[in-house]
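This is work02.cif (mmCIF, C-alpha atoms).
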```cif
data_coords
loop_
_atom_site.label_atom_id
_atom_site.label_comp_id
_atom_site.auth_asym_id
_atom_site.auth_seq_id
_atom_site.Cartn_x
_atom_site.Cartn_y
_atom_site.Cartn_z
CA MET M 1 -16.59 29.56 -4.70
CA LYS M 2 -13.97 32.13 -5.69
CA GLN M 3 -15.21 35.61 -4.80
CA LYS M 4 -15.33 37.95 -7.78
CA GLU M 5 -15.31 41.72 -7.67
CA ILE M 6 -18.79 43.11 -8.15
CA SER M 7 -18.75 46.11 -10.45
CA LEU M 8 -21.39 48.82 -10.30
CA ASN M 9 -21.16 49.13 -14.07
CA SER M 10 -21.45 45.46 -15.00
CA PRO M 11 -24.45 44.80 -17.29
CA ARG M 12 -26.03 42.34 -14.85
CA ILE M 13 -25.95 44.88 -11.99
CA ARG M 14 -27.07 47.78 -14.20
CA SER M 15 -30.05 45.92 -15.61
CA LEU M 16 -31.41 44.97 -12.18
CA ARG M 17 -30.58 48.38 -10.68
CA ASP M 18 -32.86 49.98 -13.27
CA HIS M 19 -35.71 48.08 -11.61
CA VAL M 20 -34.90 48.07 -7.90
CA GLU M 21 -32.93 51.14 -6.86
CA ALA M 22 -36.04 53.25 -6.26
CA ASP M 23 -37.17 53.62 -2.65
CA GLU M 24 -40.32 51.61 -3.32
CA VAL M 25 -39.89 48.42 -5.33
CA GLN M 26 -42.20 48.49 -8.34
CA PHE M 27 -42.65 44.73 -8.67
CA VAL M 28 -46.31 44.74 -7.52
CA ASN M 29 -46.44 41.37 -5.68
CA SER M 30 -43.89 39.47 -7.77
CA TYR M 31 -41.38 39.60 -4.91
CA ASN M 32 -43.62 37.26 -2.89
CA THR M 33 -42.96 33.56 -3.28
CA PRO M 34 -45.99 32.12 -5.15
CA LEU M 35 -47.91 30.08 -2.59
CA ARG M 36 -51.45 28.75 -2.50
CA ASP M 37 -53.83 30.01 0.19
CA ASP M 38 -53.93 26.55 1.78
CA ALA M 39 -50.13 26.10 1.77
CA PHE M 40 -49.90 25.57 5.53
CA GLU M 41 -53.11 23.72 6.30
CA MET M 42 -51.16 20.45 6.13
CA ASP M 43 -48.67 19.81 8.96
CA ASP M 44 -45.03 18.97 8.28
CA GLU M 45 -45.30 15.26 9.08
CA THR M 46 -48.17 14.83 6.62
CA LYS M 47 -46.20 16.70 3.95
CA ILE M 48 -43.19 14.45 4.54
CA LYS M 49 -45.30 11.29 4.12
CA LYS M 50 -46.89 12.58 0.89
CA ILE M 51 -43.60 13.78 -0.62
CA SER M 52 -41.95 10.47 0.25
CA LYS M 53 -44.65 8.55 -1.64
CA HIS M 54 -44.37 10.85 -4.66
CA PHE M 55 -40.58 10.65 -4.71
CA GLU M 56 -40.74 6.88 -4.41
CA ALA M 57 -42.93 6.88 -7.54
CA ILE M 58 -40.40 9.08 -9.36
CA MET M 59 -37.55 6.72 -8.48
CA GLU M 60 -39.57 3.69 -9.58
CA THR M 61 -40.43 5.43 -12.86
CA LEU M 62 -36.73 6.01 -13.44
CA GLY M 63 -36.21 2.28 -13.06
CA LEU M 64 -34.39 2.32 -9.72
CA ASP M 65 -34.56 -0.73 -7.46
CA LEU M 66 -35.89 0.52 -4.12
CA SER M 67 -35.26 -2.85 -2.49
CA ASP M 68 -31.52 -2.03 -2.60
CA ASP M 69 -30.33 -1.04 0.87
CA SER M 70 -28.70 2.12 -0.50
CA LEU M 71 -31.94 3.38 -2.08
CA ARG M 72 -34.56 2.02 0.32
CA GLY M 73 -34.59 5.04 2.63
CA THR M 74 -34.07 7.69 -0.05
CA PRO M 75 -37.73 8.78 -0.45
CA ASP M 76 -38.02 9.47 3.28
CA ARG M 77 -34.65 11.22 3.39
CA VAL M 78 -35.55 13.48 0.47
CA ALA M 79 -38.96 14.30 1.92
CA LYS M 80 -37.51 15.26 5.31
CA MET M 81 -34.79 17.31 3.63
CA TYR M 82 -37.36 19.21 1.56
CA VAL M 83 -39.68 20.06 4.44
CA LYS M 84 -37.27 20.46 7.36
CA GLU M 85 -34.18 21.84 5.63
CA ILE M 86 -33.82 23.18 2.11
CA PHE M 87 -37.41 24.43 1.77
CA SER M 88 -38.03 25.28 5.43
CA GLY M 89 -38.12 28.99 4.51
CA LEU M 90 -41.53 28.49 2.92
CA ASN M 91 -43.11 28.15 6.34
CA PRO M 92 -43.65 31.54 8.04
CA SER M 93 -43.38 29.86 11.45
CA ASN M 94 -39.66 29.48 10.69
CA LYS M 95 -39.16 33.19 10.07
CA PRO M 96 -36.44 34.43 12.44
CA SER M 97 -37.46 36.69 15.29
CA ILE M 98 -35.61 39.97 14.96
CA THR M 99 -33.67 41.42 17.88
CA LEU M 100 -33.15 45.18 17.76
CA PHE M 101 -30.99 47.31 20.04
CA ASP M 102 -30.87 51.03 20.68
CA ASN M 103 -28.15 52.76 18.72
CA LYS M 104 -26.49 53.94 21.94
CA TYR M 105 -23.22 54.74 20.24
CA GLN M 106 -24.94 57.13 17.82
CA TYR M 107 -23.23 55.31 14.98
CA ASP M 108 -24.45 57.05 11.82
CA GLU M 109 -22.33 55.41 9.11
CA MET M 110 -23.25 52.35 7.10
CA LEU M 111 -23.06 48.91 8.68
CA VAL M 112 -22.21 46.07 6.31
CA GLU M 113 -22.38 42.31 6.74
CA LYS M 114 -20.60 40.81 3.75
CA ASP M 115 -19.80 37.35 2.40
CA ILE M 116 -22.90 35.67 3.89
CA THR M 117 -22.81 32.18 2.40
CA PHE M 118 -26.20 30.84 1.36
CA TYR M 119 -27.65 27.81 -0.42
CA SER M 120 -30.94 27.95 -2.25
CA ASN M 121 -32.72 26.08 -5.04
CA CYS M 122 -33.78 27.24 -8.49
CA GLU M 123 -37.56 27.10 -8.74
CA HIS M 124 -37.36 26.25 -12.46
CA HIS M 125 -35.35 23.04 -12.16
CA PHE M 126 -35.07 22.42 -8.39
CA VAL M 127 -31.27 22.34 -8.48
CA PRO M 128 -29.00 24.33 -6.14
CA ILE M 129 -28.08 28.00 -6.23
CA TYR M 130 -25.20 28.95 -3.95
CA GLY M 131 -23.24 32.11 -3.36
CA LYS M 132 -22.59 35.15 -1.21
CA ALA M 133 -24.94 37.87 -0.03
CA HIS M 134 -23.78 41.32 1.13
CA VAL M 135 -26.16 43.46 3.19
CA GLY M 136 -25.75 47.05 4.35
CA TYR M 137 -27.92 49.59 6.15
CA PHE M 138 -27.94 52.90 7.98
CA SER M 139 -29.53 52.95 11.43
CA SER M 140 -32.71 54.95 11.94
CA GLY M 141 -32.34 54.68 15.71
CA LYS M 142 -32.09 50.91 16.12
CA VAL M 143 -29.48 48.33 15.15
CA ILE M 144 -30.05 44.67 14.39
CA GLY M 145 -28.20 41.77 15.99
CA LEU M 146 -25.58 40.74 13.42
CA SER M 147 -26.56 37.06 13.38
CA LYS M 148 -30.11 38.10 12.49
CA ILE M 149 -28.93 39.49 9.16
CA ASN M 150 -27.50 36.07 8.33
CA ARG M 151 -30.72 34.41 9.48
CA ILE M 152 -32.84 36.66 7.26
CA VAL M 153 -30.70 35.68 4.27
CA GLN M 154 -30.96 31.97 5.13
CA TYR M 155 -34.73 32.13 5.70
CA TYR M 156 -35.49 33.55 2.25
CA ALA M 157 -32.86 31.35 0.58
CA LYS M 158 -34.43 28.15 1.94
CA ARG M 159 -37.24 27.98 -0.60
CA PRO M 160 -37.54 27.54 -4.37
CA GLN M 161 -36.15 30.82 -5.63
CA VAL M 162 -35.10 33.11 -8.42
CA GLN M 163 -32.17 35.31 -7.51
CA GLU M 164 -33.91 38.59 -8.31
CA ARG M 165 -36.75 37.78 -5.92
CA LEU M 166 -34.35 36.62 -3.20
CA THR M 167 -32.49 39.93 -3.40
CA VAL M 168 -35.66 41.99 -3.01
CA GLN M 169 -37.10 39.78 -0.26
CA ILE M 170 -33.96 40.21 1.86
CA ALA M 171 -34.00 43.98 1.29
CA ASN M 172 -37.69 44.28 2.18
CA ALA M 173 -37.24 42.21 5.33
CA MET M 174 -34.38 44.49 6.45
CA LYS M 175 -36.42 47.60 5.74
CA ASP M 176 -39.39 46.25 7.65
CA ALA M 177 -37.31 45.18 10.66
CA LEU M 178 -35.28 48.39 10.91
CA LYS M 179 -37.99 50.84 9.79
CA THR M 180 -35.65 52.43 7.28
CA GLN M 181 -35.31 52.68 3.51
CA ASP M 182 -31.52 52.93 3.76
CA VAL M 183 -30.73 49.35 2.76
CA ALA M 184 -28.46 47.73 0.19
CA VAL M 185 -28.27 44.08 -0.87
CA VAL M 186 -25.91 42.55 -3.44
CA ILE M 187 -25.84 38.85 -4.29
CA ASP M 188 -23.30 36.96 -6.39
CA ALA M 189 -24.28 33.33 -7.02
CA THR M 190 -23.67 30.20 -9.05
CA HIS M 191 -26.69 28.44 -10.55
CA LEU M 192 -26.40 24.71 -11.12
CA CYS M 193 -29.24 24.93 -13.66
CA VAL M 194 -26.63 26.73 -15.80
CA SER M 195 -23.50 24.82 -14.82
CA SER M 196 -24.68 21.21 -14.32
CA ARG M 197 -27.28 21.00 -17.11
CA GLY M 198 -28.35 22.89 -20.21
CA VAL M 199 -25.51 25.05 -21.48
CA GLY M 200 -23.08 23.53 -18.96
CA ASP M 201 -21.23 26.78 -18.25
CA THR M 202 -19.21 26.20 -15.08
CA SER M 203 -17.45 29.57 -14.89
CA SER M 204 -20.23 32.18 -14.93
CA THR M 205 -21.91 33.69 -11.88
CA THR M 206 -25.00 35.89 -11.59
CA GLY M 207 -25.12 39.23 -9.79
CA THR M 208 -28.18 41.08 -8.51
CA ALA M 209 -28.49 44.25 -6.45
CA HIS M 210 -31.00 46.35 -4.55
CA PHE M 211 -30.17 49.92 -3.52
CA SER M 212 -32.65 52.18 -1.73
CA GLY M 213 -32.66 55.28 0.45
CA LYS M 214 -29.16 56.68 0.99
CA PHE M 215 -27.71 53.90 -1.16
CA THR M 216 -29.22 55.45 -4.29
CA GLU M 217 -26.62 58.21 -3.88
CA GLN M 218 -23.62 57.50 -6.09
CA ARG M 219 -20.99 58.17 -3.41
CA THR M 220 -22.68 56.01 -0.75
CA ARG M 221 -23.39 53.19 -3.17
CA GLN M 222 -19.79 53.17 -4.36
CA GLU M 223 -18.53 53.12 -0.77
CA PHE M 224 -20.66 50.04 -0.14
CA LEU M 225 -19.42 48.30 -3.29
CA ASP M 226 -15.79 49.17 -2.48
CA PHE M 227 -16.22 47.68 0.98
CA ILE M 228 -17.74 44.39 -0.16
CA ASN M 229 -14.98 44.04 -2.78
CA SER M 230 -12.21 44.68 -0.24
CA LYS M 231 -10.08 41.82 1.09
#
```
I'd like the structure from this file rewritten - as structure tokens, please.
Amino acid sequence: MKQKEISLNSPRIRSLRDHVEADEVQFVNSYNTPLRDDAFEMDDETKIKKISKHFEAIMETLGLDLSDDSLRGTPDRVAKMYVKEIFSGLNPSNKPSITLFDNKYQYDEMLVEKDITFYSNCEHHFVPIYGKAHVGYFSSGKVIGLSKINRIVQYYAKRPQVQERLTVQIANAMKDALKTQDVAVVIDATHLCVSSRGVGDTSSTTGTAHFSGKFTEQRTRQEFLDFINSK
């Protein structure tokens, strides 16, 4: 995916910023992935068996010949992929453990991890979303292992998603881990529900942003945006 410059003044960034740049996100509980209370009473192997049976029924309904050697194993493959891979972020047991270190160097400027590639799935049509996430924070005394930022992004991406929720979930996870409000998250992504179906627009991307703490200050926010847009 060709990286596009993310402008602070673009309508898509402005509209979301109106909602999420306050220190406390005012989304009530809408940033939580909607799950039933009994979502994890069933173990993974049982889920795989049930999904395989349901997907087999879908394929048969579509008229596919499951006796063909190319299709015979597809229900099992899809079921395993759903549970163990692309929707593994639904299971809290897969949440990454966060490693923090003392800020021994007394580094008090922003730290930015940019161009984190992620793959997710649209919860409306169950087709892929893919793009780049950019995450920044100021230390409140601790710093996070860099790979853990990537793992946080991947964990929340690996579930049926909407991009707005994904943005806020990553930001909240960073705030919780680092005990700071000084967090910024920007995501630029392509949605196959737009490009491969429906309107069939293959050139547009969607941008979302969350700015809190120090990042609500114009100068700091612009420094972050300039950095993630740099070569």
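Evaluating the PyMOL selection byres ((chain M and resi 40) around 12) against the shown model yields M:Leu35, M:Arg36, M:Asp37, M:Asp38, M:Ala39, M:Glu41, M:Met42, M:Asp43, M:Asp44, M:Glu45, M:Thr46, M:Lys47, M:Val83, M:Ser88, M:Leu90, M:Asn91, M:Pro92, M:Ser93.
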Using all atoms listed in the file, which residues sit within 12 Å of region 61-77 of chain M once same-chain residues fewer than 3 positions away are excluded, as a PyMOL selection string?
chain M and resi 45-58+80-85
Rounded to one decimal place, report the CA of Thr33 (chain M)-CA of Val143 (chain M) distance in Å.
27.2 Å
Once the PyMOL selection byres ((chain M and resi 178-192) around 7) has been applied to the shown file, what residues remain in the selection, as an MDAnalysis selection string?
chainID M and resid 23 127:138 140 142 167 171 174:177 193:196 205:215
For CA of Thr216 (chain M) and CA of Ile116 (chain M), quote the distance in Å rounded to one decimal.
22.3 Å
Applied to this file, what does the PyMOL selection byres ((chain M and resi 148) around 12) return in terms of residues, put as an NGL selection string?
:M and (95-101 or 113 or 116 or 135 or 143-147 or 149-155 or 170 or 173-174 or 177-178)
